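Undergrad: Pasting input_29.cif below, which is mmCIF, C-alpha atoms.
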data_input
loop_
_atom_site.label_atom_id
_atom_site.label_comp_id
_atom_site.auth_asym_id
_atom_site.auth_seq_id
_atom_site.Cartn_x
_atom_site.Cartn_y
_atom_site.Cartn_z
CA MET V 14 -53.96 -61.59 -32.43
CA GLU V 15 -53.70 -62.88 -36.00
CA GLN V 16 -53.40 -66.49 -34.78
CA LYS V 17 -56.50 -66.02 -32.61
CA ASN V 18 -58.46 -64.65 -35.56
CA ASN V 19 -57.36 -67.58 -37.71
CA SER V 20 -58.39 -70.03 -34.98
CA ASP V 21 -61.78 -68.35 -34.65
CA GLN V 22 -62.31 -68.68 -38.40
CA VAL V 23 -61.42 -72.38 -38.29
CA LEU V 24 -63.77 -73.01 -35.36
CA ASN V 25 -66.61 -71.19 -37.09
CA THR V 26 -66.07 -73.39 -40.14
CA VAL V 27 -66.10 -76.51 -37.96
CA ARG V 28 -69.37 -75.43 -36.32
CA SER V 29 -70.92 -74.88 -39.74
CA ILE V 30 -69.81 -78.34 -40.85
CA VAL V 31 -70.97 -80.33 -37.83
CA TYR V 32 -74.20 -78.41 -37.30
CA HIS V 33 -75.39 -79.26 -40.81
CA LEU V 34 -73.97 -82.77 -41.16
CA ASN V 35 -76.34 -85.36 -42.62
CA ASP V 36 -76.47 -88.62 -44.60
CA VAL V 37 -76.19 -86.80 -47.91
CA ASN V 38 -73.36 -84.33 -47.34
CA TRP V 39 -71.13 -86.00 -44.76
CA VAL V 40 -68.45 -87.14 -47.24
CA LYS V 41 -68.14 -83.65 -48.73
CA MET V 42 -68.16 -82.06 -45.28
CA THR V 43 -65.47 -84.47 -44.05
CA GLN V 44 -63.22 -83.49 -46.95
CA LYS V 45 -63.79 -79.86 -46.03
CA MET V 46 -62.78 -80.65 -42.45
CA MET V 47 -59.59 -82.37 -43.62
CA ALA V 48 -58.51 -79.21 -45.44
CA LEU V 49 -58.59 -77.01 -42.32
CA PRO V 50 -55.29 -75.51 -41.09
CA ILE V 51 -54.84 -76.94 -37.59
CA ASN V 52 -51.45 -76.18 -36.09
CA ASN V 53 -51.74 -76.24 -32.30
CA VAL V 54 -53.05 -78.48 -29.52
CA LYS V 55 -55.58 -75.95 -28.21
CA LEU V 56 -57.24 -75.63 -31.61
CA LEU V 57 -57.35 -79.40 -32.07
CA ASP V 58 -58.97 -79.80 -28.66
CA ASP V 59 -61.57 -77.11 -29.41
CA ILE V 60 -62.41 -78.72 -32.75
CA THR V 61 -62.77 -82.15 -31.16
CA ASN V 62 -65.02 -80.66 -28.47
CA ILE V 63 -67.35 -79.21 -31.10
CA ILE V 64 -67.58 -82.51 -33.01
CA PHE V 65 -68.03 -84.61 -29.87
CA ASP V 66 -70.68 -82.40 -28.27
CA ARG V 67 -72.69 -82.24 -31.48
CA ALA V 68 -72.47 -86.01 -31.95
CA LEU V 69 -73.97 -86.53 -28.50
CA LYS V 70 -76.72 -83.96 -29.00
CA ARG V 71 -77.92 -85.32 -32.37
CA GLN V 72 -78.53 -88.92 -31.37
CA ASN V 73 -80.31 -89.79 -34.62
CA TYR V 74 -77.15 -88.83 -36.52
CA THR V 75 -74.58 -90.41 -34.23
CA HIS V 76 -73.59 -92.89 -36.93
CA ILE V 77 -72.81 -90.05 -39.34
CA TYR V 78 -70.51 -88.30 -36.86
CA ALA V 79 -68.80 -91.61 -36.16
CA GLN V 80 -68.24 -92.17 -39.89
CA MET V 81 -66.79 -88.68 -40.22
CA CYS V 82 -64.49 -89.19 -37.23
CA ALA V 83 -63.32 -92.52 -38.61
CA ARG V 84 -62.43 -90.86 -41.93
CA LEU V 85 -60.52 -88.12 -40.08
CA ILE V 86 -58.66 -90.68 -37.96
CA ASN V 87 -57.78 -92.84 -40.96
CA ASP V 88 -56.51 -89.80 -42.84
CA PHE V 89 -52.86 -89.75 -41.71
CA LYS V 90 -52.36 -86.10 -42.52
CA PHE V 91 -55.34 -84.92 -40.48
CA ASN V 92 -54.90 -87.30 -37.56
CA ASN V 93 -51.26 -86.29 -37.19
CA LEU V 94 -51.55 -82.58 -37.99
CA ILE V 95 -49.45 -81.53 -35.02
CA ALA V 96 -47.40 -84.70 -34.62
CA THR V 97 -44.17 -82.77 -35.23
CA ASP V 98 -44.62 -80.98 -31.89
CA THR V 99 -46.44 -83.61 -29.82
CA GLU V 100 -47.67 -87.19 -29.80
CA ILE V 101 -51.25 -85.93 -29.50
CA THR V 102 -53.53 -86.99 -32.37
CA PHE V 103 -57.17 -86.36 -33.18
CA GLN V 104 -58.00 -89.96 -32.26
CA LYS V 105 -56.36 -89.72 -28.83
CA VAL V 106 -58.14 -86.45 -28.04
CA LEU V 107 -61.51 -87.87 -29.16
CA LEU V 108 -61.13 -91.12 -27.21
CA LYS V 109 -60.20 -89.14 -24.09
CA LYS V 110 -63.49 -87.25 -24.32
CA CYS V 111 -65.42 -90.49 -24.76
CA HIS V 112 -63.59 -91.93 -21.76
CA ASP V 113 -64.31 -88.93 -19.53
CA VAL V 114 -68.05 -89.04 -20.20
CA PHE V 115 -68.18 -92.84 -19.92
CA TYR V 116 -66.56 -92.83 -16.49
CA SER V 117 -68.23 -89.68 -15.17
CA ASN V 118 -69.88 -90.26 -11.81
CA TYR V 119 -73.41 -88.96 -11.32
CA GLN V 120 -73.07 -88.32 -7.59
CA GLU V 121 -69.79 -86.44 -8.06
CA GLU V 122 -71.22 -84.31 -10.87
CA LEU V 123 -74.35 -83.65 -8.82
CA LYS V 124 -72.26 -82.50 -5.86
CA LYS V 125 -70.36 -80.08 -8.10
CA LEU V 126 -73.64 -78.65 -9.36
CA LYS V 127 -75.05 -78.26 -5.85
CA ASP V 128 -71.85 -76.60 -4.62
CA THR V 129 -71.92 -74.18 -7.57
CA MET V 130 -75.54 -73.27 -6.96
CA LYS V 131 -74.90 -72.85 -3.24
CA ASN V 132 -71.87 -70.61 -3.72
CA ASP V 133 -73.44 -68.49 -6.43
CA ASN V 134 -76.93 -68.48 -4.92
CA MET V 135 -78.02 -68.59 -8.56
CA VAL V 136 -81.18 -70.72 -8.29
CA PRO V 137 -84.20 -69.92 -6.08
CA LYS V 138 -85.00 -72.75 -3.65
CA LYS V 139 -88.42 -73.26 -5.21
CA CYS V 140 -86.75 -74.02 -8.57
CA LEU V 141 -84.08 -76.33 -7.15
CA SER V 142 -86.06 -79.54 -7.69
CA GLY V 143 -86.63 -78.74 -11.36
CA VAL V 144 -82.95 -77.93 -11.92
CA LEU V 145 -81.86 -81.21 -10.35
CA ASN V 146 -84.40 -83.22 -12.36
CA ASN V 147 -83.18 -81.60 -15.57
CA PHE V 148 -79.59 -82.38 -14.56
CA LEU V 149 -80.46 -86.05 -14.05
CA PHE V 150 -82.22 -86.23 -17.42
CA ASP V 151 -79.30 -84.55 -19.23
CA PHE V 152 -76.75 -86.77 -17.47
CA GLN V 153 -78.59 -89.94 -18.46
CA LYS V 154 -79.11 -88.79 -22.04
CA ARG V 155 -75.46 -87.81 -22.45
CA SER V 156 -74.27 -91.12 -21.00
CA ILE V 157 -76.49 -93.15 -23.34
CA CYS V 158 -75.59 -91.07 -26.41
CA ASN V 159 -71.90 -91.40 -25.59
CA CYS V 160 -72.24 -95.19 -25.51
CA ARG V 161 -74.06 -95.11 -28.84
CA PHE V 162 -71.25 -92.97 -30.28
CA ILE V 163 -68.59 -95.33 -28.87
CA GLY V 164 -70.35 -98.29 -30.46
CA GLU V 165 -70.54 -96.55 -33.83
CA LEU V 166 -66.88 -95.55 -33.64
CA PHE V 167 -66.00 -99.21 -33.02
CA LYS V 168 -68.09 -100.33 -35.98
CA ASN V 169 -66.12 -97.90 -38.15
CA GLY V 170 -62.73 -99.06 -36.87
CA ALA V 171 -62.05 -95.89 -34.88
CA PHE V 172 -62.42 -97.33 -31.35
CA PRO V 173 -59.95 -100.11 -30.40
CA GLU V 174 -61.39 -103.51 -29.52
CA LYS V 175 -59.57 -103.69 -26.17
CA TYR V 176 -61.29 -100.47 -25.10
CA ILE V 177 -64.76 -101.56 -26.19
CA LEU V 178 -64.33 -104.84 -24.30
CA LYS V 179 -63.29 -102.91 -21.20
CA CYS V 180 -66.38 -100.70 -21.53
CA ILE V 181 -68.60 -103.77 -21.82
CA GLY V 182 -66.87 -105.43 -18.87
CA ASP V 183 -67.18 -102.38 -16.64
CA LEU V 184 -70.83 -101.85 -17.51
CA GLY V 185 -71.51 -105.52 -16.81
CA LYS V 186 -70.34 -105.05 -13.21
CA GLU V 187 -73.00 -102.42 -12.52
CA LYS V 188 -76.59 -103.17 -11.56
CA ASN V 189 -78.27 -99.77 -11.86
CA GLU V 190 -80.64 -99.18 -14.74
CA LEU V 191 -78.63 -96.48 -16.51
CA GLN V 192 -75.54 -98.69 -16.74
CA MET V 193 -77.61 -101.61 -18.01
CA HIS V 194 -79.23 -99.35 -20.59
CA CYS V 195 -75.79 -98.19 -21.73
CA LEU V 196 -74.62 -101.80 -21.99
CA CYS V 197 -77.60 -102.65 -24.19
CA ILE V 198 -76.87 -99.70 -26.47
CA ILE V 199 -73.24 -100.72 -26.94
CA LEU V 200 -74.03 -104.40 -27.50
CA GLN V 201 -76.70 -103.47 -30.02
CA SER V 202 -74.03 -101.64 -32.04
CA VAL V 203 -71.08 -103.99 -31.71
CA GLY V 204 -72.74 -107.39 -31.30
CA LEU V 205 -72.38 -108.40 -34.94
CA ILE V 206 -68.64 -107.72 -34.98
CA LEU V 207 -67.94 -109.31 -31.60
CA SER V 208 -70.02 -112.37 -32.52
CA LYS V 209 -67.34 -113.18 -35.10
CA THR V 210 -64.62 -113.22 -32.44
CA SER V 211 -63.97 -115.48 -29.46
CA TYR V 212 -65.76 -113.08 -27.12
CA ASP V 213 -68.63 -114.75 -25.24
CA LEU V 214 -71.68 -112.58 -25.93
CA ASN V 215 -74.12 -115.20 -24.68
CA LYS V 216 -72.91 -114.72 -21.11
CA LYS V 217 -73.61 -110.98 -21.21
CA ILE V 218 -76.99 -111.41 -22.88
CA ASN V 219 -78.11 -114.14 -20.48
CA LYS V 220 -77.16 -112.00 -17.50
CA LEU V 221 -79.24 -109.12 -18.87
CA VAL V 222 -82.18 -111.42 -19.56
CA SER V 223 -82.08 -112.81 -16.01
CA SER V 224 -82.16 -109.25 -14.65
CA MET V 225 -85.59 -108.77 -16.22
CA GLU V 226 -87.03 -110.58 -13.20
CA ASN V 227 -86.53 -107.30 -11.36
CA HIS V 228 -90.09 -106.00 -11.11
CA GLY V 229 -88.91 -102.40 -10.84
CA MET V 230 -87.23 -102.42 -14.25
CA SER V 231 -88.60 -99.92 -16.77
CA SER V 232 -90.44 -101.13 -19.87
CA THR V 233 -87.88 -99.30 -22.02
CA LEU V 234 -84.97 -101.32 -20.65
CA LYS V 235 -86.95 -104.58 -20.84
CA CYS V 236 -87.65 -103.86 -24.50
CA LEU V 237 -83.96 -103.24 -25.21
CA ILE V 238 -82.97 -106.51 -23.53
CA LYS V 239 -85.62 -108.47 -25.45
CA LYS V 240 -84.36 -106.99 -28.69
CA LEU V 241 -80.77 -107.96 -27.83
CA LYS V 242 -81.89 -111.50 -27.09
CA ILE V 243 -83.62 -111.74 -30.48
CA MET V 244 -80.68 -110.20 -32.35
CA ASN V 245 -78.27 -112.59 -30.65
CA SER V 246 -80.42 -115.63 -31.47
CA LYS V 247 -80.66 -114.57 -35.11
CA GLY V 248 -76.99 -113.85 -35.68
CA TRP V 249 -77.27 -110.14 -34.90
CA MET V 250 -79.59 -109.24 -37.72
CA ASP V 251 -81.25 -105.87 -37.16
CA GLU V 252 -84.76 -106.41 -35.90
CA GLY V 253 -85.73 -102.75 -36.35
CA ASN V 254 -86.59 -100.26 -33.68
CA CYS V 255 -87.92 -101.54 -30.39
CA PHE V 256 -90.11 -98.55 -29.74
#
Would you mind writing the structure in this file as structure tokens?

TA:
Amino acid sequence: MEQKNNSDQVLNTVRSIVYHLNDVNWVKMTQKMMALPINNVKLLDDITNIIFDRALKRQNYTHIYAQMCARLINDFKFNNLIATDTEITFQKVLLKKCHDVFYSNYQEELKKLKDTMKNDNMVPKKCLSGVLNNFLFDFQKRSICNCRFIGELFKNGAFPEKYILKCIGDLGKEKNELQMHCLCIILQSVGLILSKTSYDLNKKINKLVSSMENHGMSSTLKCLIKKLKIMNSKGWMDEGNCF
């Protein structure tokens, strides 16, 4: 019972930290996070869940959460708090959550939702369309925010290059608009760094540009692709917001 109470206190502190994180206080809040007593895998997972979910919900502050996570990962003591009992680290737990959202399948998640609603009879038929539309919107938003978070983690040295290249490669194989949007978001974040390596960004950008001939493409995605083209041609200087 005492351990549960201690864990609850730690989780409440974490919620307070991540719910009020901003450009001004993030360094102080990160130091406060580092001082927390974390001594079991369950608690570490719960803490990572809170940070990750908040990072994806506050898309205008994604870079701040990524900076905080990078500090926590680079702090040996925090990242290896429970290393005496397991090889699990904060970084591994965080990257697993990014991976799970990145590779989540819309149709599979939709089927789970429909099965749940059918079994529980929890939603009136007349409201079903609205529920499914909201699910689609939330799924797309979460996928895009996760890619933005991944890109920011990479910029801060907290997401390995081999994983970011795999993400880019896998997104480049897809042709649906959500995947292309996610690819644009990642490239927008990591383009400057990758442009200084042997990785061929031009190939990815040119493929996206050629896809703009699709007359059904949204104006939002076209704008993102145009911005990427400009950033690439100018050495990945920030051209400001596209919208």

Undergrad: Just say which residues the PyMOL selection byres ((chain V and resi 28) around 12) picks in this file, as a PDB file with C-alpha atoms, in the coordinates of the input.

TA:
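Result file follows (selection.pdb):
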ATOM      1  CA  ASP V  21     -61.780 -68.350 -34.650  1.00  0.00           C
ATOM      2  CA  GLN V  22     -62.310 -68.680 -38.400  1.00  0.00           C
ATOM      3  CA  VAL V  23     -61.420 -72.380 -38.290  1.00  0.00           C
ATOM      4  CA  LEU V  24     -63.770 -73.010 -35.360  1.00  0.00           C
ATOM      5  CA  ASN V  25     -66.610 -71.190 -37.090  1.00  0.00           C
ATOM      6  CA  THR V  26     -66.070 -73.390 -40.140  1.00  0.00           C
ATOM      7  CA  VAL V  27     -66.100 -76.510 -37.960  1.00  0.00           C
ATOM      8  CA  SER V  29     -70.920 -74.880 -39.740  1.00  0.00           C
ATOM      9  CA  ILE V  30     -69.810 -78.340 -40.850  1.00  0.00           C
ATOM     10  CA  VAL V  31     -70.970 -80.330 -37.830  1.00  0.00           C
ATOM     11  CA  TYR V  32     -74.200 -78.410 -37.300  1.00  0.00           C
ATOM     12  CA  HIS V  33     -75.390 -79.260 -40.810  1.00  0.00           C
ATOM     13  CA  LEU V  34     -73.970 -82.770 -41.160  1.00  0.00           C
ATOM     14  CA  MET V  42     -68.160 -82.060 -45.280  1.00  0.00           C
ATOM     15  CA  MET V  46     -62.780 -80.650 -42.450  1.00  0.00           C
ATOM     16  CA  ASP V  59     -61.570 -77.110 -29.410  1.00  0.00           C
ATOM     17  CA  ILE V  60     -62.410 -78.720 -32.750  1.00  0.00           C
ATOM     18  CA  THR V  61     -62.770 -82.150 -31.160  1.00  0.00           C
ATOM     19  CA  ASN V  62     -65.020 -80.660 -28.470  1.00  0.00           C
ATOM     20  CA  ILE V  63     -67.350 -79.210 -31.100  1.00  0.00           C
ATOM     21  CA  ILE V  64     -67.580 -82.510 -33.010  1.00  0.00           C
ATOM     22  CA  PHE V  65     -68.030 -84.610 -29.870  1.00  0.00           C
ATOM     23  CA  ASP V  66     -70.680 -82.400 -28.270  1.00  0.00           C
ATOM     24  CA  ARG V  67     -72.690 -82.240 -31.480  1.00  0.00           C
ATOM     25  CA  ALA V  68     -72.470 -86.010 -31.950  1.00  0.00           C
TER      26      ALA V  68
END

Undergrad: Please expand the PyMOL selection byres ((chain V and resi 163) around 9) into the concrete residues it hits in this file, giving the result as a tab-separated table (two decimals) with C-alpha atoms, in the frame of the given file.

TA:
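Everything below was put into part-v2.tsv:
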chain	number	residue	atom	x	y	z
V	79	ALA	CA	-68.80	-91.61	-36.16
V	108	LEU	CA	-61.13	-91.12	-27.21
V	111	CYS	CA	-65.42	-90.49	-24.76
V	158	CYS	CA	-75.59	-91.07	-26.41
V	159	ASN	CA	-71.90	-91.40	-25.59
V	160	CYS	CA	-72.24	-95.19	-25.51
V	161	ARG	CA	-74.06	-95.11	-28.84
V	162	PHE	CA	-71.25	-92.97	-30.28
V	164	GLY	CA	-70.35	-98.29	-30.46
V	165	GLU	CA	-70.54	-96.55	-33.83
V	166	LEU	CA	-66.88	-95.55	-33.64
V	167	PHE	CA	-66.00	-99.21	-33.02
V	168	LYS	CA	-68.09	-100.33	-35.98
V	171	ALA	CA	-62.05	-95.89	-34.88
V	172	PHE	CA	-62.42	-97.33	-31.35
V	177	ILE	CA	-64.76	-101.56	-26.19
V	199	ILE	CA	-73.24	-100.72	-26.94
V	202	SER	CA	-74.03	-101.64	-32.04

Undergrad: For V:Gln44, which residue out of V:Met230, V:Ile101, V:Ile198, V:Cys82 is the nearest one, using all atoms listed in the file?

TA: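 Of all the options, V:Cys82 lies closest to V:Gln44.
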
Undergrad: Leaving out V:Val114 and any residue of its chain fewer than 3 positions from it, which residues lie within 9 Å of it when counting only C-alpha atoms, given as a ChimeraX atom specification?

TA: /V:109-111,117-118,155-156,159

Undergrad: Just give me the gap between atom CA of V:Lys242 and atom CA of V:Asp151 in Å, one decimal is fine.

TA: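 Atom CA of V:Asp151 lies 28.2 Å from atom CA of V:Lys242.
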
Undergrad: Between atom CA of V:Asn92 and atom CA of V:Met47, what is the distance in Å, rounded to a tenth?

TA: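 Between atom CA of V:Asn92 and atom CA of V:Met47 the gap is 9.1 Å.
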
Undergrad: Would you work out the distance separating atom CA of V:Phe115 from atom CA of V:Tyr176, expressed in Å to one decimal?

TA: 11.5 Å

Undergrad: From the list V:Asn52, V:Asn227, V:Trp249, V:Leu205, which residue is nearest V:Asn189 when using all atoms listed in the file?

TA: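 Residue with the minimum atom-to-atom distance to V:Asn189: V:Asn227.
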
Undergrad: Please provide as an MDAnalysis selection string all residues within 10 Å of V:Leu57, with the sequence filter that same-chain residues fewer than 6 positions apart are discarded (counting only C-alpha atoms).

TA: chainID V and resid 20 24 51 92 94:95 101:103 106:107

Undergrad: Would you save the residues from that selection as a JSON list (two decimals), in the coordinates of the input, using C-alpha atoms?

TA:
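Writing the result to out10.json gives the following:
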[["chain", "number", "residue", "atom", "x", "y", "z"],
["V", 20, "SER", "CA", -58.39, -70.03, -34.98],
["V", 24, "LEU", "CA", -63.77, -73.01, -35.36],
["V", 51, "ILE", "CA", -54.84, -76.94, -37.59],
["V", 92, "ASN", "CA", -54.90, -87.30, -37.56],
["V", 94, "LEU", "CA", -51.55, -82.58, -37.99],
["V", 95, "ILE", "CA", -49.45, -81.53, -35.02],
["V", 101, "ILE", "CA", -51.25, -85.93, -29.50],
["V", 102, "THR", "CA", -53.53, -86.99, -32.37],
["V", 103, "PHE", "CA", -57.17, -86.36, -33.18],
["V", 106, "VAL", "CA", -58.14, -86.45, -28.04],
["V", 107, "LEU", "CA", -61.51, -87.87, -29.16]]

Undergrad: Could you tell me which residues the PyMOL selection byres ((chain V and resi 214-219) around 12) grabs in this file, written as a ChimeraX atom specification?

TA: /V:178,181-186,193,196-197,199-201,203-213,220-225,237-246,248-249

Undergrad: Ranking V:Asn93, V:Lys188, V:Phe148, V:Leu123 by minimum distance to V:Asn53 and counting all atoms listed in the file, which one comes first?

TA: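 The answer is V:Asn93, which sits nearest to V:Asn53.
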
Undergrad: Which residue out of V:Thr129, V:Phe152, V:Thr75, V:Thr43 has the minimum interatomic distance to V:Asp88 when all atoms listed in the file are used?

TA: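 The closest residue to V:Asp88 is V:Thr43.
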